[in-house]
$ cat protein_6.txt   # compact mmCIF, C-alpha atoms
# COMPACT_ATOMS: atom_id res chain seq x y z
CA MET A 1 -53.18 -0.60 -126.94
CA SER A 2 -55.70 0.64 -129.53
CA ARG A 3 -53.24 3.37 -130.42
CA TRP A 4 -50.66 0.75 -131.34
CA ILE A 5 -53.20 -1.23 -133.36
CA ALA A 6 -54.11 1.95 -135.23
CA ARG A 7 -50.45 2.58 -135.95
CA LEU A 8 -49.94 -0.96 -137.25
CA VAL A 9 -53.01 -0.68 -139.47
CA ALA A 10 -51.71 2.64 -140.82
CA LEU A 11 -48.31 1.07 -141.52
CA ALA A 12 -49.91 -1.92 -143.28
CA ALA A 13 -52.10 0.39 -145.37
CA GLY A 14 -49.09 2.51 -146.31
CA ALA A 15 -47.03 -0.55 -147.28
CA ALA A 16 -49.96 -1.92 -149.32
CA LEU A 17 -50.26 1.41 -151.15
CA VAL A 18 -46.53 1.40 -151.99
CA HIS A 19 -46.80 -2.25 -153.10
CA VAL A 20 -49.66 -1.50 -155.51
CA LEU A 21 -47.98 1.64 -156.85
CA VAL A 22 -44.69 -0.19 -157.53
CA VAL A 23 -46.39 -3.12 -159.30
CA ARG A 24 -48.61 -0.81 -161.39
CA LEU A 25 -45.91 1.70 -162.31
CA VAL A 26 -43.03 -0.67 -163.13
CA PRO A 27 -44.28 -1.59 -166.66
CA TRP A 28 -44.80 2.06 -167.58
CA ALA A 29 -41.44 3.06 -166.11
CA VAL A 30 -39.47 0.27 -167.81
CA MET A 31 -41.19 0.88 -171.14
CA GLY A 32 -40.59 4.62 -170.72
CA LEU A 33 -36.89 3.99 -170.25
CA ALA A 34 -36.78 1.73 -173.34
CA ILE A 35 -38.60 4.35 -175.43
CA ALA A 36 -36.30 7.09 -174.12
CA GLY A 37 -33.23 4.99 -174.97
CA ILE A 38 -34.41 4.51 -178.56
CA GLU A 39 -35.41 8.17 -178.87
CA ARG A 40 -31.94 9.22 -177.77
CA ARG A 41 -30.47 7.25 -180.68
CA ALA A 42 -32.88 8.17 -183.44
CA GLY A 43 -35.60 10.49 -182.18
CA VAL A 44 -39.30 9.75 -182.10
CA ASN A 45 -41.26 8.29 -185.02
CA THR A 46 -38.05 7.30 -186.78
CA ALA A 47 -36.80 3.83 -187.60
CA VAL A 48 -33.63 2.67 -185.90
CA PHE A 49 -31.68 -0.53 -186.45
CA ALA A 50 -29.66 -2.03 -183.64
CA PRO A 51 -26.58 -4.12 -184.41
CA ARG A 52 -27.04 -7.87 -184.04
CA ALA A 53 -27.49 -8.57 -180.31
CA ASP A 54 -24.47 -9.57 -178.26
CA GLU A 55 -23.34 -9.18 -174.66
CA THR A 56 -23.00 -5.41 -175.09
CA SER A 57 -26.69 -4.99 -176.04
CA ARG A 58 -28.39 -3.22 -173.16
CA THR A 59 -31.44 -1.41 -174.58
CA ILE A 60 -33.93 -4.29 -174.17
CA VAL A 61 -33.63 -7.25 -171.78
CA ARG A 62 -33.27 -10.81 -173.11
CA PRO A 63 -32.53 -9.94 -176.75
CA SER A 64 -32.32 -12.80 -179.24
CA PRO A 65 -28.96 -13.08 -181.03
CA ASP A 66 -30.69 -15.01 -183.83
CA LEU A 67 -32.88 -12.10 -184.87
CA LEU A 68 -32.33 -8.71 -186.47
CA TYR A 69 -34.46 -5.99 -184.92
CA GLY A 70 -35.87 -2.79 -186.37
CA THR A 71 -37.58 -0.30 -184.03
CA CYS A 72 -39.60 2.90 -184.02
CA ALA A 73 -40.43 4.68 -180.78
CA PHE A 74 -43.85 6.02 -181.69
CA ASP A 75 -45.77 9.04 -180.44
CA VAL A 76 -49.17 9.37 -182.11
CA ARG A 77 -50.64 11.90 -179.70
CA GLU A 78 -50.34 14.66 -182.30
CA HIS A 79 -50.17 12.87 -185.66
CA PRO A 80 -50.78 9.34 -186.89
CA LEU A 81 -47.82 7.36 -188.17
CA ARG A 82 -47.40 5.57 -191.49
CA ILE A 83 -45.32 2.43 -191.10
CA ARG A 84 -43.97 0.58 -194.12
CA ALA A 85 -41.78 -2.50 -194.15
CA GLU A 86 -40.46 -5.06 -196.57
CA VAL A 87 -41.29 -8.68 -195.85
CA PRO A 88 -38.31 -10.95 -196.60
CA ARG A 89 -38.68 -14.36 -198.27
CA ASP A 90 -37.99 -17.75 -196.75
CA THR A 91 -37.47 -16.72 -193.16
CA TYR A 92 -39.51 -15.79 -190.13
CA TRP A 93 -40.37 -12.08 -189.94
CA SER A 94 -42.87 -10.15 -187.87
CA LEU A 95 -43.89 -6.58 -187.16
CA SER A 96 -45.36 -5.99 -183.73
CA MET A 97 -46.52 -3.01 -181.72
CA PHE A 98 -46.38 -2.47 -177.98
CA ALA A 99 -48.31 -0.03 -175.83
CA ALA A 100 -46.70 2.11 -173.15
CA ASN A 101 -47.81 -0.46 -170.54
CA THR A 102 -45.94 -3.26 -172.45
CA ASP A 103 -49.07 -4.87 -174.01
CA ASN A 104 -48.51 -6.39 -177.45
CA PHE A 105 -51.53 -4.91 -179.25
CA PHE A 106 -50.65 -5.80 -182.85
CA VAL A 107 -48.57 -8.37 -184.71
CA VAL A 108 -48.34 -9.53 -188.31
CA ASN A 109 -45.84 -12.11 -189.57
CA ASP A 110 -44.41 -12.96 -192.98
CA ARG A 111 -46.99 -15.66 -193.70
CA GLN A 112 -49.88 -13.35 -192.90
CA ALA A 113 -48.38 -10.38 -194.74
CA GLY A 114 -47.11 -12.29 -197.77
CA ALA A 115 -43.40 -13.02 -198.05
CA GLY A 116 -41.64 -10.84 -200.60
CA GLY A 117 -44.30 -8.14 -200.31
CA THR A 118 -44.63 -5.03 -198.23
CA VAL A 119 -46.63 -4.05 -195.17
CA ASP A 120 -48.30 -0.64 -195.17
CA LEU A 121 -49.91 0.45 -191.91
CA VAL A 122 -51.28 3.64 -190.39
CA LEU A 123 -51.01 3.79 -186.62
CA ALA A 124 -53.34 6.21 -184.87
CA ARG A 125 -54.60 6.83 -181.36
CA ARG A 126 -57.69 4.75 -180.66
CA GLY A 127 -60.88 6.60 -181.46
CA VAL A 128 -59.20 9.38 -183.44
CA PRO A 129 -60.60 9.70 -187.00
CA VAL A 130 -57.90 9.26 -189.66
CA GLN A 131 -57.82 9.33 -193.45
CA VAL A 132 -56.07 6.12 -194.33
CA PRO A 133 -54.14 6.21 -197.65
CA ALA A 134 -55.23 3.68 -200.27
CA GLY A 135 -53.67 0.31 -199.69
CA ALA A 136 -52.77 0.98 -196.08
CA ARG A 137 -54.35 -0.69 -193.05
CA LEU A 138 -55.39 1.20 -189.93
CA VAL A 139 -54.08 0.04 -186.55
CA GLU A 140 -55.36 1.71 -183.39
CA ALA A 141 -52.94 2.32 -180.53
CA PRO A 142 -54.33 2.01 -176.99
CA THR A 143 -51.72 4.49 -175.73
CA GLY A 144 -50.22 7.57 -177.37
CA ARG A 145 -46.67 6.31 -177.02
CA GLY A 146 -45.10 2.91 -177.52
CA LEU A 147 -42.82 0.87 -179.72
CA VAL A 148 -42.93 -0.72 -183.16
CA LEU A 149 -40.61 -3.71 -183.51
CA THR A 150 -39.66 -5.88 -186.47
CA ARG A 151 -37.99 -9.25 -185.97
CA THR A 152 -36.15 -10.97 -188.83
CA LEU A 153 -34.73 -14.44 -188.32
CA ILE A 154 -31.17 -14.80 -189.60
CA ALA A 155 -32.01 -18.01 -191.44
CA SER A 156 -28.35 -18.63 -192.26
CA PRO A 157 -25.11 -16.65 -191.82
CA GLU A 158 -24.84 -16.27 -195.62
CA ARG A 159 -28.11 -14.32 -195.71
CA LEU A 160 -27.14 -11.81 -193.03
CA ASP A 161 -26.39 -8.92 -195.41
CA GLU A 162 -29.48 -9.51 -197.56
CA LEU A 163 -31.77 -9.70 -194.53
CA ASP A 164 -30.12 -6.67 -192.97
CA ARG A 165 -30.84 -4.64 -196.12
CA ALA A 166 -34.46 -5.79 -196.07
CA ARG A 167 -35.02 -4.83 -192.42
CA ARG A 168 -33.57 -1.37 -193.08
CA ARG A 169 -36.49 -0.68 -195.42
CA LEU A 170 -38.68 -0.22 -192.34
CA SER A 171 -39.89 3.38 -192.29
CA CYS A 172 -41.98 5.33 -189.79
CA GLU A 173 -43.31 8.65 -191.04
CA GLU A 174 -45.73 11.12 -189.45
CA LEU A 175 -48.94 11.71 -191.43
CA ARG A 176 -49.38 15.38 -190.75
CA ALA A 177 -52.29 16.00 -193.17
CA ALA A 178 -54.18 12.78 -192.55
CA ARG A 179 -56.63 13.93 -189.86
CA MET B 1 -38.35 27.61 -116.97
CA SER B 2 -40.02 28.70 -120.30
CA ALA B 3 -36.74 28.00 -122.11
CA GLY B 4 -36.91 24.46 -120.74
CA ARG B 5 -40.53 24.08 -121.95
CA GLY B 6 -39.52 25.36 -125.41
CA ALA B 7 -36.65 22.90 -125.60
CA GLY B 8 -39.01 20.11 -124.51
CA LYS B 9 -41.48 21.06 -127.29
CA SER B 10 -38.67 21.06 -129.85
CA VAL B 11 -37.52 17.63 -128.76
CA GLY B 12 -41.13 16.38 -128.90
CA ALA B 13 -41.61 17.78 -132.41
CA LEU B 14 -38.34 16.27 -133.56
CA ALA B 15 -39.35 12.90 -132.11
CA ARG B 16 -42.66 13.08 -134.05
CA VAL B 17 -40.81 13.89 -137.28
CA VAL B 18 -38.46 10.97 -136.70
CA ARG B 19 -41.41 8.63 -135.98
CA VAL B 20 -43.19 9.70 -139.17
CA ALA B 21 -39.99 9.36 -141.21
CA VAL B 22 -39.40 5.86 -139.81
CA ALA B 23 -43.02 4.91 -140.53
CA VAL B 24 -42.72 6.15 -144.14
CA LEU B 25 -39.44 4.29 -144.53
CA VAL B 26 -40.99 1.08 -143.20
CA CYS B 27 -43.94 1.46 -145.62
CA VAL B 28 -41.59 2.00 -148.58
CA VAL B 29 -39.26 -0.88 -147.67
CA VAL B 30 -42.09 -3.35 -146.96
CA GLY B 31 -44.10 -2.19 -149.99
CA VAL B 32 -41.18 -2.40 -152.42
CA ALA B 33 -39.85 -5.69 -151.02
CA SER B 34 -43.28 -7.35 -151.12
CA ALA B 35 -43.84 -6.06 -154.67
CA VAL B 36 -40.49 -7.47 -155.84
CA TRP B 37 -41.26 -10.79 -154.12
CA ALA B 38 -44.74 -10.98 -155.62
CA VAL B 39 -43.51 -10.21 -159.14
CA ARG B 40 -40.69 -12.76 -158.85
CA ALA B 41 -43.00 -15.39 -157.37
CA ARG B 42 -45.16 -14.99 -160.48
CA PHE B 43 -48.25 -15.93 -158.50
CA GLU B 44 -50.77 -15.13 -161.14
CA ASP B 45 -53.38 -16.87 -163.23
CA GLY B 46 -51.93 -18.23 -166.43
CA SER B 47 -48.61 -19.38 -164.95
CA VAL B 48 -47.60 -22.75 -166.35
CA ALA B 49 -44.82 -25.19 -165.39
CA ASN B 50 -43.60 -27.83 -167.81
CA GLY B 51 -40.71 -29.72 -166.20
CA PRO B 52 -38.00 -27.13 -165.48
CA TRP B 53 -39.58 -24.69 -167.96
CA THR B 54 -42.09 -22.05 -166.95
CA SER B 55 -44.30 -19.87 -169.08
CA ASN B 56 -47.46 -17.83 -168.83
CA GLU B 57 -50.27 -17.92 -171.33
CA ASN B 58 -51.00 -14.23 -170.80
CA ILE B 59 -47.51 -12.91 -171.67
CA GLY B 60 -47.79 -9.89 -173.92
CA SER B 61 -51.57 -10.02 -173.75
CA SER B 62 -53.92 -7.30 -172.59
CA ALA B 63 -55.33 -10.04 -170.31
CA ALA B 64 -52.07 -9.98 -168.33
CA GLY B 65 -52.52 -9.00 -164.70
CA PRO B 66 -50.39 -6.34 -162.98
CA TYR B 67 -47.86 -8.81 -161.56
CA LEU B 68 -47.25 -10.60 -164.86
CA ARG B 69 -47.04 -7.27 -166.68
CA ALA B 70 -44.43 -6.04 -164.21
CA GLY B 71 -42.50 -9.32 -164.48
CA VAL B 72 -42.50 -9.16 -168.28
CA ALA B 73 -41.34 -5.52 -168.16
CA VAL B 74 -38.36 -6.44 -165.99
CA GLY B 75 -37.42 -9.79 -167.50
CA GLY B 76 -38.95 -10.02 -170.97
CA LEU B 77 -39.88 -6.63 -172.38
CA LEU B 78 -41.45 -6.68 -175.87
CA ALA B 79 -42.55 -10.29 -175.59
CA LEU B 80 -45.11 -11.31 -178.18
CA SER B 81 -48.47 -12.83 -177.32
CA LYS B 82 -48.78 -16.62 -177.38
CA SER B 83 -50.46 -16.91 -180.78
CA GLU B 84 -47.22 -15.62 -182.33
CA THR B 85 -44.56 -16.80 -179.90
CA VAL B 86 -44.46 -18.94 -176.79
CA TYR B 87 -41.62 -18.28 -174.35
CA PHE B 88 -40.48 -20.87 -171.84
CA THR B 89 -37.80 -19.94 -169.31
CA ALA B 90 -35.83 -22.24 -167.02
CA PHE B 91 -33.99 -21.10 -163.92
CA GLU B 92 -33.50 -24.68 -162.71
CA ASP B 93 -32.44 -28.00 -164.17
CA GLY B 94 -34.68 -31.06 -164.36
CA ALA B 95 -33.77 -32.00 -160.78
CA GLY B 96 -34.89 -28.64 -159.45
CA GLU B 97 -31.38 -27.28 -158.80
CA PRO B 98 -30.67 -23.65 -159.83
CA LEU B 99 -28.73 -23.30 -163.08
CA ARG B 100 -25.14 -22.24 -162.29
CA THR B 101 -22.36 -21.14 -164.62
CA THR B 102 -19.92 -23.51 -162.93
CA CYS B 103 -21.98 -26.55 -163.99
CA VAL B 104 -22.32 -28.28 -167.34
CA TYR B 105 -25.76 -29.25 -168.62
CA ARG B 106 -27.23 -31.19 -171.52
CA VAL B 107 -30.41 -29.86 -173.11
CA GLU B 108 -31.78 -32.77 -175.03
CA GLY B 109 -34.92 -33.72 -176.85
CA ARG B 110 -36.64 -33.34 -180.18
CA ASP B 111 -37.68 -30.28 -182.14
CA PRO B 112 -40.55 -28.56 -180.33
CA ALA B 113 -43.70 -28.20 -182.43
CA ALA B 114 -43.14 -24.76 -183.92
CA ARG B 115 -42.05 -23.22 -187.18
CA TRP B 116 -38.82 -22.02 -185.58
CA TRP B 117 -37.32 -22.41 -182.11
CA SER B 118 -34.21 -21.28 -180.26
CA ILE B 119 -32.61 -21.78 -176.87
CA THR B 120 -30.62 -18.85 -175.44
CA ALA B 121 -28.67 -18.43 -172.19
CA TYR B 122 -28.97 -15.22 -170.17
CA GLY B 123 -27.12 -13.99 -167.10
CA ALA B 124 -28.80 -12.96 -163.86
CA ASP B 125 -29.08 -9.44 -165.30
CA HIS B 126 -31.24 -10.79 -168.18
CA TYR B 127 -28.61 -9.94 -170.81
CA LEU B 128 -26.48 -12.25 -172.97
CA ILE B 129 -23.53 -13.81 -171.17
CA PRO B 130 -20.13 -12.55 -172.42
CA ASN B 131 -18.10 -15.28 -174.12
CA GLU B 132 -15.32 -15.29 -176.71
CA GLY B 133 -17.07 -17.21 -179.45
CA LYS B 134 -20.43 -15.42 -179.12
CA ARG B 135 -22.08 -18.78 -178.52
CA TYR B 136 -25.22 -17.36 -176.98
CA SER B 137 -27.80 -19.70 -178.46
CA VAL B 138 -28.65 -22.69 -180.62
CA ASP B 139 -31.64 -22.57 -182.93
CA GLU B 140 -33.66 -24.77 -185.23
CA THR B 141 -31.65 -23.77 -188.31
CA GLN B 142 -28.24 -24.72 -186.89
CA VAL B 143 -28.78 -27.52 -184.36
CA GLU B 144 -27.09 -30.82 -185.19
CA ARG B 145 -29.49 -33.73 -184.89
CA GLY B 146 -28.74 -37.41 -184.35
CA ALA B 147 -29.88 -40.25 -186.58
CA ASP B 148 -33.11 -40.49 -184.58
CA GLY B 149 -33.85 -36.79 -185.17
CA GLY B 150 -33.14 -35.82 -181.59
CA PHE B 151 -30.53 -33.33 -180.38
CA SER B 152 -28.29 -32.84 -177.36
CA ILE B 153 -26.97 -29.34 -176.68
CA VAL B 154 -24.22 -28.76 -174.13
CA VAL B 155 -24.60 -25.67 -171.93
CA GLY B 156 -21.43 -24.74 -170.06
CA GLY B 157 -18.27 -22.67 -170.07
CA GLU B 158 -15.89 -25.17 -171.59
CA PRO B 159 -15.65 -24.94 -175.41
CA ARG B 160 -17.12 -27.91 -177.28
CA PRO B 161 -16.71 -28.91 -180.93
CA GLY B 162 -19.67 -28.63 -183.27
CA ARG B 163 -22.68 -26.35 -183.19
CA ASN B 164 -24.53 -27.87 -180.22
CA TRP B 165 -22.89 -25.71 -177.57
CA ILE B 166 -24.15 -22.69 -175.64
CA SER B 167 -21.49 -20.93 -173.58
CA THR B 168 -22.08 -19.74 -170.04
CA GLY B 169 -18.80 -17.87 -170.25
CA SER B 170 -17.05 -19.36 -167.24
CA ALA B 171 -14.28 -21.37 -168.90
CA GLY B 172 -11.22 -21.43 -166.66
CA GLY B 173 -13.15 -20.98 -163.45
CA GLY B 174 -14.85 -18.00 -161.90
CA PRO B 175 -17.63 -17.63 -159.37
CA ALA B 176 -20.83 -19.65 -159.66
CA GLU B 177 -23.31 -17.22 -161.18
CA PRO B 178 -26.97 -18.02 -161.68
CA PHE B 179 -28.21 -18.02 -165.26
CA SER B 180 -31.35 -18.95 -167.14
CA LEU B 181 -32.36 -20.45 -170.46
CA THR B 182 -35.14 -19.18 -172.69
CA LEU B 183 -36.82 -21.44 -175.22
CA ARG B 184 -38.61 -19.45 -177.91
CA LEU B 185 -41.22 -21.09 -180.11
CA TYR B 186 -42.14 -18.85 -183.04
CA ASP B 187 -45.35 -19.67 -184.90
CA PRO B 188 -46.05 -22.43 -182.38
CA ASP B 189 -48.26 -25.35 -183.26
CA PRO B 190 -51.80 -24.64 -181.99
CA ALA B 191 -51.58 -27.85 -179.95
CA VAL B 192 -48.62 -26.38 -178.05
CA VAL B 193 -50.46 -23.14 -177.39
CA ALA B 194 -53.43 -25.13 -176.10
CA SER B 195 -51.34 -27.28 -173.77
CA LEU B 196 -48.32 -25.35 -172.51
CA ALA B 197 -48.02 -27.61 -169.44
CA THR B 198 -47.84 -30.86 -171.38
CA ALA B 199 -46.13 -29.90 -174.66
CA GLU B 200 -43.01 -31.95 -175.39
CA LEU B 201 -40.01 -29.79 -174.48
CA PRO B 202 -36.27 -30.53 -174.18
CA ALA B 203 -35.02 -31.89 -170.85
CA ILE B 204 -32.29 -30.07 -168.89
CA VAL B 205 -29.86 -32.55 -167.36
CA ARG B 206 -26.93 -31.54 -165.15
CA GLU B 207 -23.74 -33.40 -166.12
CA ARG B 208 -21.34 -32.10 -163.50
CA CYS B 209 -20.26 -29.04 -161.51
CA SER B 210 -16.80 -27.74 -160.73
$ encode --input "protein_6.txt" --output "C-alpha cells"
Amino acid sequence: MSRWIARLVALAAGAALVHVLVVRLVPWAVMGLAIAGIERRAGVNTAVFAPRADETSRTIVRPSPDLLYGTCAFDVREHPLRIRAEVPRDTYWSLSMFAANTDNFFVVNDRQAGAGGTVDLVLARRGVPVQVPAGARLVEAPTGRGLVLTRTLIASPERLDELDRARRRLSCEELRAAR
Amino acid sequence: MSAGRGAGKSVGALARVVRVAVAVLVCVVVGVASAVWAVRARFEDGSVANGPWTSNENIGSSAAGPYLRAGVAVGGLLALSKSETVYFTAFEDGAGEPLRTTCVYRVEGRDPAARWWSITAYGADHYLIPNEGKRYSVDETQVERGADGGFSIVVGGEPRPGRNWISTGSAGGGPAEPFSLTLRLYDPDPAVVASLATAELPAIVRERCS
C-alpha cells in the first residue's frame, strides 16, 4: 500500500516539476522564436520593417493592422547598441523594448519624445559601464537579448507613405568602442 | 533452467523500463496539460473582467507572474505595460456565449477614454482573420459616429456598407470558428488605468447566428 502511495507522490512531484518548467520556459521559448524569426530576415542589431499587418503576418501574434512596426532584435552581450528613430508629427508613435522573458522594460511615445524630433538611445546590459555619446540617453537591458519595437499609427490612408518613410529612419547600430 | 532465469530477468527489466517510461509519460502529459489549463484560465492576481472584456493590469510589466507572462507570450507577445496601452480581449459576447464566426454581432458604445483606440478581430490562432476586403479592425480615426457621438460596429462575415464593419471572414457559410476581439487603448486616460473593471467600454451584442 505504502509502495503505491510513494509511486503516486513521485508521479505528482514529476508532473508538478513539468508544470513549473513549462510555465517558466514558455515566455523565453516564444520570445526566442520571435527573435530568431526577425534575425533570419535582417540579422541581429539591425532594423527591419515588416509590411503592414494582414492575414499572412505570422511573426508576432495579434498584430495590429492599424500600426506600422519597426523592429530590431538586439543582442547587447558583447556591445551596447545605439538606437535612433524619427518621431512623426500628429500621430501616435512609440518605441518600446522587451526583455527575453517578454517584459516591457522601456517605452517612450511621441508626446514624451517630442513630435517631429528624434530619439537617441544607447541600450546596454544592466550594470555594464558605457560611454554614452552626447545627446543620447542610456537604457539598461535586464537581459542580453530582446527586441526593440516602434509602433506608428496610420492616422489616415493618405499619410501611409509619409509615415512609412519616417519609421524606416529607425536605426540600430553596435557601439563597438563605447565601453 | 539458467536460460529460463535469464529470460525471466530480461522480462523483469523490460517491465521496469516500461513502467518508468509510462510514469515519465504520465508526468509530462499531466504537467503540460495542467500548465496549458492554468495559463488559459488566467488565474492570477491582476486579472480584471469588465463585461465581456478581460484584461490584466500586470500585462507587459515586470510584476507579471509566471502564468500571465506565459499567457502574454502565447497570445499577446510584445504587449505594452498599462501606462502606455491597455488591452482588453473578449472571447464571449455580452450574454456570455463564445464568439463564433457564423454569428453577427454589434459592438456599440462611445469612444473609450484614450488618445487612440481600435477594435480588431483575431482567429483562434491569434492571427488576423483572412477576408477579401482586409476589414480586420475599426479604429478611432475611421469609426463613423451617430449624432449622439456613439458608434455601432458590425462584426460578422457578411459585407456591410460604410466603415463600421469588421469581417470574420465567413461570408457564404463555413464552419463555426471561435474568434476574439481585442480593444486597444493607447495613451489611456489615467482614470481608465485606475479602474479597468469599471471603465466604460463598448458592449458586444449578438444579433443572430446562421
$ atom_distance --input "protein_6.txt" --atom1 "CA of Val119 in chain A" --atom2 "CA of Trp117 in chain B"
24.4 Å
$ interface_residues --input "protein_6.txt" --of "chain B" --to "chain A" --cutoff "7 Å" --atoms "only C-alpha atoms" --output "PyMOL selection string"
chain B and resi 23+27-28+30-32+34-35+60-62+66-67+69-70+73+75-78+80-81+122+126-130+136+141
$ axis_aligned_box --input "protein_6.txt" --around "range 175-194 of chain B" --padding-each-side "4 Å" --output "AutoDock Vina command-line options"
--center_x -35.5 --center_y -22.5 --center_z -172.1 --size_x 43.8 --size_y 18.6 --size_z 33.5
$ closest_residue --input "protein_6.txt" --among "A:Glu39, A:Leu81, A:Phe49, A:Arg165" --to "Ala136 in chain A" --atoms "only C-alpha atoms"
A:Leu81
$ closest_residue --input "protein_6.txt" --among "B:Glu132, B:Leu183, B:Trp53, B:Trp116" --to "Thr152 in chain A" --atoms "only C-alpha atoms"
B:Trp116
$ residues_around --input "protein_6.txt" --residues "range 144-148 of chain B" --least-positions-apart "3" --cutoff "10 Å" --atoms "only C-alpha atoms" --output "count of residues only"
13
$ atom_distance --input "protein_6.txt" --atom1 "CA of Leu68 in chain A" --atom2 "CA of Glu92 in chain B"
28.7 Å
$ atom_distance --input "protein_6.txt" --atom1 "CA of Gly135 in chain A" --atom2 "CA of Val122 in chain A"
10.2 Å
$ residues_around --input "protein_6.txt" --residues "Thr54 in chain B" --least-positions-apart "6" --cutoff "10 Å" --atoms "only C-alpha atoms" --output "list in words"
Ser47, Val48, Tyr87, Phe88, Thr89, Ala90, Phe91, Glu92, Thr182, Leu183, Leu196 and Ala197 of chain B
$ closest_residue --input "protein_6.txt" --among "B:Pro178, B:Ser195, B:Pro188, B:Thr101" --to "Cys209 in chain B" --atoms "all atoms listed in the file"
B:Thr101
$ closest_residue --input "protein_6.txt" --among "B:Ile166, B:Gly8, B:Val18, B:Val39" --to "Lys134 in chain B" --atoms "all atoms listed in the file"
B:Ile166
